[in-house]
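*Asks:* Pasting a structure below so you can have a look.
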Amino acid sequence: MSGHSKFANIKHKKERNDAAKGKVFTIIGREIAVAVKEGGADPVNNSRLRDVIAKAKANNMPNDTIERGIKKAAGDTGSVNYVSATYEGYGPGGTAIIVDTLTDNKNRTAANVRSAFTKGKGSIGTQGCVSFMFDRKGQIIIDKEECEMDADDLMMAALDAGAEDFSEEEDSYEVITDPESFSDVRQALEDAGIAMAGAEVTMLPQNYVELTDEQDINNINRILDLLDEDDDVQQVYHNWDE
């Protein structure tokens, strides 16, 4: 499983500068708006909103910012309506990339995503061209330093709650669920007082591609950096073995 590299990425993102944190908060803010519009402002009756709030807290988003986002989405009938769009394509060396977006202008977003691929010597493909190489799963990452529970007890708690798999890495634990069980498993761990470094439904690669050519590595980093800078991009999944 990819728990170790995933945890390293989480720590890196949390240590980045304020501008980078602002990007993360923008992403989560849009997810809050969509969740509220789809299921209402009460997290007790809206599992998607509960999951987004958990993600927000894992990313150190202040509670008052979360509450403002919920109130704004619930009360502002004239607020921006975001639509989701997913793009699939190929990066250098046959790497596979999936880009999830939330946007108020699909033409702008499509052009920006295509430009990112082009500048990194990649190409956009048709819907479904690479997604078959990934499995949609719930993924929960737990920092060992923040978890007082014994590994075996944590594993049993996760499996009893409905998790599919549990693995231990050097500095973290990884819990994998099917998408339908993710919310219940995450809530059970939260109720048990277990702090989560990351918790989301994601796309996990079935296999990874190693790049050895320096230019290929520069190009895929170019694609990922440009996508990361785009406020419309919510999440990027890839099978490059970094």
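Labeling convention for the structure tokens: chains A, B, ... as they appear, residues from 1 per chain, ligands from 1 in order of appearance.
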Give me the residues of region 23-106 of chain A that have any atom at most 12 Å from an atom of region 187-203 of chain A; for each, the nearest atom pair and the distance in Å, rounded to one decimal. Use only C-alpha atoms, sort by chain and number, and format it as JSON lines.
*Replies:*
{"residue": "A:Ile28", "atom": "CA", "partner": "A:Glu200", "partner_atom": "CA", "distance": 11.5}
{"residue": "A:Glu31", "atom": "CA", "partner": "A:Glu200", "partner_atom": "CA", "distance": 11.8}
{"residue": "A:Pro43", "atom": "CA", "partner": "A:Gln187", "partner_atom": "CA", "distance": 11.8}
{"residue": "A:Val44", "atom": "CA", "partner": "A:Gln187", "partner_atom": "CA", "distance": 11.2}
{"residue": "A:Ser47", "atom": "CA", "partner": "A:Gln187", "partner_atom": "CA", "distance": 9.6}
{"residue": "A:Arg48", "atom": "CA", "partner": "A:Glu200", "partner_atom": "CA", "distance": 10.4}
{"residue": "A:Leu49", "atom": "CA", "partner": "A:Glu200", "partner_atom": "CA", "distance": 11.9}
{"residue": "A:Arg50", "atom": "CA", "partner": "A:Gln187", "partner_atom": "CA", "distance": 8.7}
{"residue": "A:Asp51", "atom": "CA", "partner": "A:Glu200", "partner_atom": "CA", "distance": 7.4}
{"residue": "A:Val52", "atom": "CA", "partner": "A:Glu200", "partner_atom": "CA", "distance": 8.2}
{"residue": "A:Ile53", "atom": "CA", "partner": "A:Ala199", "partner_atom": "CA", "distance": 10.2}
{"residue": "A:Ala54", "atom": "CA", "partner": "A:Ala199", "partner_atom": "CA", "distance": 7.2}
{"residue": "A:Lys55", "atom": "CA", "partner": "A:Ala199", "partner_atom": "CA", "distance": 5.9}
{"residue": "A:Ala56", "atom": "CA", "partner": "A:Gly198", "partner_atom": "CA", "distance": 9.4}
{"residue": "A:Lys57", "atom": "CA", "partner": "A:Met196", "partner_atom": "CA", "distance": 9.1}
{"residue": "A:Ala58", "atom": "CA", "partner": "A:Ala197", "partner_atom": "CA", "distance": 5.4}
{"residue": "A:Asn59", "atom": "CA", "partner": "A:Ala197", "partner_atom": "CA", "distance": 7.7}
{"residue": "A:Asn60", "atom": "CA", "partner": "A:Ala197", "partner_atom": "CA", "distance": 9.8}
{"residue": "A:Ala96", "atom": "CA", "partner": "A:Met203", "partner_atom": "CA", "distance": 11.6}
{"residue": "A:Ile97", "atom": "CA", "partner": "A:Met203", "partner_atom": "CA", "distance": 10.4}
{"residue": "A:Ile98", "atom": "CA", "partner": "A:Met203", "partner_atom": "CA", "distance": 8.6}
{"residue": "A:Val99", "atom": "CA", "partner": "A:Met203", "partner_atom": "CA", "distance": 10.5}
{"residue": "A:Asp100", "atom": "CA", "partner": "A:Thr202", "partner_atom": "CA", "distance": 10.4}
*Asks:* Generate the output file for the selected residues, N, CA and C atoms, as a PDB file, in the first residue's frame.
*Replies:*
ATOM      1  N   ILE A  28     -10.989  22.765   0.152  1.00  0.00           N
ATOM      2  CA  ILE A  28     -11.931  22.244   1.147  1.00  0.00           C
ATOM      3  C   ILE A  28     -13.172  23.131   1.217  1.00  0.00           C
ATOM      4  N   GLU A  31     -15.501  22.082  -1.382  1.00  0.00           N
ATOM      5  CA  GLU A  31     -16.115  20.797  -1.037  1.00  0.00           C
ATOM      6  C   GLU A  31     -17.215  20.992   0.005  1.00  0.00           C
ATOM      7  N   PRO A  43     -24.318  18.456   9.748  1.00  0.00           N
ATOM      8  CA  PRO A  43     -23.447  17.302   9.523  1.00  0.00           C
ATOM      9  C   PRO A  43     -23.993  16.008  10.114  1.00  0.00           C
ATOM     10  N   VAL A  44     -24.889  16.122  11.104  1.00  0.00           N
ATOM     11  CA  VAL A  44     -25.470  14.914  11.688  1.00  0.00           C
ATOM     12  C   VAL A  44     -26.258  14.135  10.635  1.00  0.00           C
ATOM     13  N   SER A  47     -23.637  12.899   5.724  1.00  0.00           N
ATOM     14  CA  SER A  47     -22.377  12.176   5.915  1.00  0.00           C
ATOM     15  C   SER A  47     -21.259  12.770   5.072  1.00  0.00           C
ATOM     16  N   ARG A  48     -21.597  13.284   3.891  1.00  0.00           N
ATOM     17  CA  ARG A  48     -20.550  13.885   3.060  1.00  0.00           C
ATOM     18  C   ARG A  48     -19.980  15.124   3.738  1.00  0.00           C
ATOM     19  N   LEU A  49     -20.839  15.925   4.339  1.00  0.00           N
ATOM     20  CA  LEU A  49     -20.367  17.117   5.041  1.00  0.00           C
ATOM     21  C   LEU A  49     -19.518  16.712   6.243  1.00  0.00           C
ATOM     22  N   ARG A  50     -19.928  15.663   6.958  1.00  0.00           N
ATOM     23  CA  ARG A  50     -19.124  15.182   8.094  1.00  0.00           C
ATOM     24  C   ARG A  50     -17.717  14.813   7.636  1.00  0.00           C
ATOM     25  N   ASP A  51     -17.637  14.133   6.503  1.00  0.00           N
ATOM     26  CA  ASP A  51     -16.335  13.710   5.992  1.00  0.00           C
ATOM     27  C   ASP A  51     -15.480  14.904   5.574  1.00  0.00           C
ATOM     28  N   VAL A  52     -16.107  15.909   4.970  1.00  0.00           N
ATOM     29  CA  VAL A  52     -15.355  17.095   4.556  1.00  0.00           C
ATOM     30  C   VAL A  52     -14.867  17.864   5.786  1.00  0.00           C
ATOM     31  N   ILE A  53     -15.704  17.944   6.818  1.00  0.00           N
ATOM     32  CA  ILE A  53     -15.294  18.616   8.053  1.00  0.00           C
ATOM     33  C   ILE A  53     -14.098  17.887   8.670  1.00  0.00           C
ATOM     34  N   ALA A  54     -14.128  16.556   8.664  1.00  0.00           N
ATOM     35  CA  ALA A  54     -12.999  15.780   9.186  1.00  0.00           C
ATOM     36  C   ALA A  54     -11.738  16.058   8.375  1.00  0.00           C
ATOM     37  N   LYS A  55     -11.884  16.150   7.066  1.00  0.00           N
ATOM     38  CA  LYS A  55     -10.746  16.475   6.205  1.00  0.00           C
ATOM     39  C   LYS A  55     -10.216  17.867   6.524  1.00  0.00           C
ATOM     40  N   ALA A  56     -11.140  18.802   6.747  1.00  0.00           N
ATOM     41  CA  ALA A  56     -10.747  20.177   7.075  1.00  0.00           C
ATOM     42  C   ALA A  56      -9.945  20.212   8.370  1.00  0.00           C
ATOM     43  N   LYS A  57     -10.418  19.504   9.380  1.00  0.00           N
ATOM     44  CA  LYS A  57      -9.723  19.493  10.663  1.00  0.00           C
ATOM     45  C   LYS A  57      -8.353  18.821  10.546  1.00  0.00           C
ATOM     46  N   ALA A  58      -8.266  17.763   9.732  1.00  0.00           N
ATOM     47  CA  ALA A  58      -6.991  17.082   9.532  1.00  0.00           C
ATOM     48  C   ALA A  58      -5.977  18.008   8.865  1.00  0.00           C
ATOM     49  N   ASN A  59      -6.481  19.001   8.122  1.00  0.00           N
ATOM     50  CA  ASN A  59      -5.613  19.970   7.455  1.00  0.00           C
ATOM     51  C   ASN A  59      -5.478  21.272   8.242  1.00  0.00           C
ATOM     52  N   ASN A  60      -5.852  21.204   9.537  1.00  0.00           N
ATOM     53  CA  ASN A  60      -5.694  22.346  10.446  1.00  0.00           C
ATOM     54  C   ASN A  60      -6.500  23.566  10.025  1.00  0.00           C
ATOM     55  N   ALA A  96       0.047   7.454 -15.552  1.00  0.00           N
ATOM     56  CA  ALA A  96      -1.384   7.738 -15.640  1.00  0.00           C
ATOM     57  C   ALA A  96      -1.751   8.817 -14.630  1.00  0.00           C
ATOM     58  N   ILE A  97      -2.562   9.789 -15.063  1.00  0.00           N
ATOM     59  CA  ILE A  97      -2.934  10.913 -14.207  1.00  0.00           C
ATOM     60  C   ILE A  97      -4.434  11.156 -14.295  1.00  0.00           C
ATOM     61  N   ILE A  98      -5.079  11.324 -13.136  1.00  0.00           N
ATOM     62  CA  ILE A  98      -6.496  11.671 -13.056  1.00  0.00           C
ATOM     63  C   ILE A  98      -6.607  12.997 -12.314  1.00  0.00           C
ATOM     64  N   VAL A  99      -7.415  13.904 -12.847  1.00  0.00           N
ATOM     65  CA  VAL A  99      -7.562  15.233 -12.254  1.00  0.00           C
ATOM     66  C   VAL A  99      -9.032  15.483 -11.941  1.00  0.00           C
ATOM     67  N   ASP A 100      -9.356  15.643 -10.655  1.00  0.00           N
ATOM     68  CA  ASP A 100     -10.714  15.999 -10.227  1.00  0.00           C
ATOM     69  C   ASP A 100     -10.797  17.507 -10.036  1.00  0.00           C
TER      70      ASP A 100
END
*Asks:* Which neighbours of Asp232 (chain A) fall inside 10 Å, counting only C-alpha atoms, when residues of the same chain fewer than 6 positions from it are skipped, and could you give them as JSON, numbers by chain?
*Replies:* {"A": [23, 26, 27, 30, 82, 84, 85, 100, 101, 102, 103, 104, 105, 106, 108, 109, 110, 112, 113]}
*Asks:* Could you write out, as an MDAnalysis selection string, all the residues of region 65-164 of chain A that DSSP marks as strand (DSSP E or B)?
*Replies:* chainID A and resid 83:90 96:103 123:124 134:143
*Asks:* Tell me which of A:Gln139, A:Asn207, A:Thr86, A:Ser115 sits closest to Ser183 (chain A), counting only C-alpha atoms.
*Replies:*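 Closest to Ser183 (chain A), using only C-alpha atoms: A:Gln139.
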*Asks:* Between CA of Asp143 (chain A) and CA of Phe7 (chain A), what is the spacing in Å?
*Replies:*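 Answer for the CA of Phe7 (chain A) to CA of Asp143 (chain A) separation: 7.8 Å.
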*Asks:* Could you tell me how far CA of Thr118 (chain A) lies from CA of Leu204 (chain A), in Å and to one decimal?
*Replies:* 24.2 Å
*Asks:* Have a look at CA of Ala161 (chain A) and CA of Val185 (chain A) and let me know their distance in Å, one decimal.
*Replies:*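 Computed distance, CA of Ala161 (chain A) to CA of Val185 (chain A), equals 5.1 Å.
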*Asks:* Could you tell me which of A:Ala74, A:Thr177, A:Leu211, A:Tyr90 comes closest to Arg114 (chain A) if we count only C-alpha atoms?
*Replies:*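 Closest to Arg114 (chain A) of all the choices is A:Tyr90.
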*Asks:* Per DSSP on the backbone, filter region 108-143 of chain A down to the residues in alpha helix (DSSP H) and report them as a list in words.
*Replies:* Arg108, Thr109, Ala110, Ala111, Asn112, Val113, Arg114, Ser115, Ala116, Phe117, Thr118 and Lys119 of chain A
*Asks:* Generate a file of the selected residues that holds C-alpha atoms, formatted as a PDB file, in the first residue's frame.
*Replies:*
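What ended up in selection-v2.pdb:
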ATOM      1  CA  ARG A 108     -11.514  27.676 -18.431  1.00  0.00           C
ATOM      2  CA  THR A 109     -10.738  24.611 -16.355  1.00  0.00           C
ATOM      3  CA  ALA A 110     -10.474  22.291 -19.358  1.00  0.00           C
ATOM      4  CA  ALA A 111      -8.073  24.696 -21.072  1.00  0.00           C
ATOM      5  CA  ASN A 112      -5.912  25.022 -17.953  1.00  0.00           C
ATOM      6  CA  VAL A 113      -5.730  21.270 -17.369  1.00  0.00           C
ATOM      7  CA  ARG A 114      -4.894  20.618 -21.027  1.00  0.00           C
ATOM      8  CA  SER A 115      -2.195  23.303 -20.891  1.00  0.00           C
ATOM      9  CA  ALA A 116      -0.631  21.690 -17.802  1.00  0.00           C
ATOM     10  CA  PHE A 117      -0.401  18.329 -19.553  1.00  0.00           C
ATOM     11  CA  THR A 118       0.991  19.878 -22.729  1.00  0.00           C
ATOM     12  CA  LYS A 119       3.684  21.871 -20.916  1.00  0.00           C
TER      13      LYS A 119
END
*Asks:* Taking only C-alpha atoms into account, name the residue in A:Val236, A:Tyr87, A:Gly22, A:Ile142 that is nearest to Ser123 (chain A).
*Replies:*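 The closest residue to Ser123 (chain A) is A:Tyr87.
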*Asks:* When you look at Cys129 (chain A) with a cut-off of 7 Å (counting only C-alpha atoms), what residues show up, excluding the ones that are within fewer than 3 positions of it in the same chain? I need them as a ChimeraX atom specification.
*Replies:* /A:88,125-126
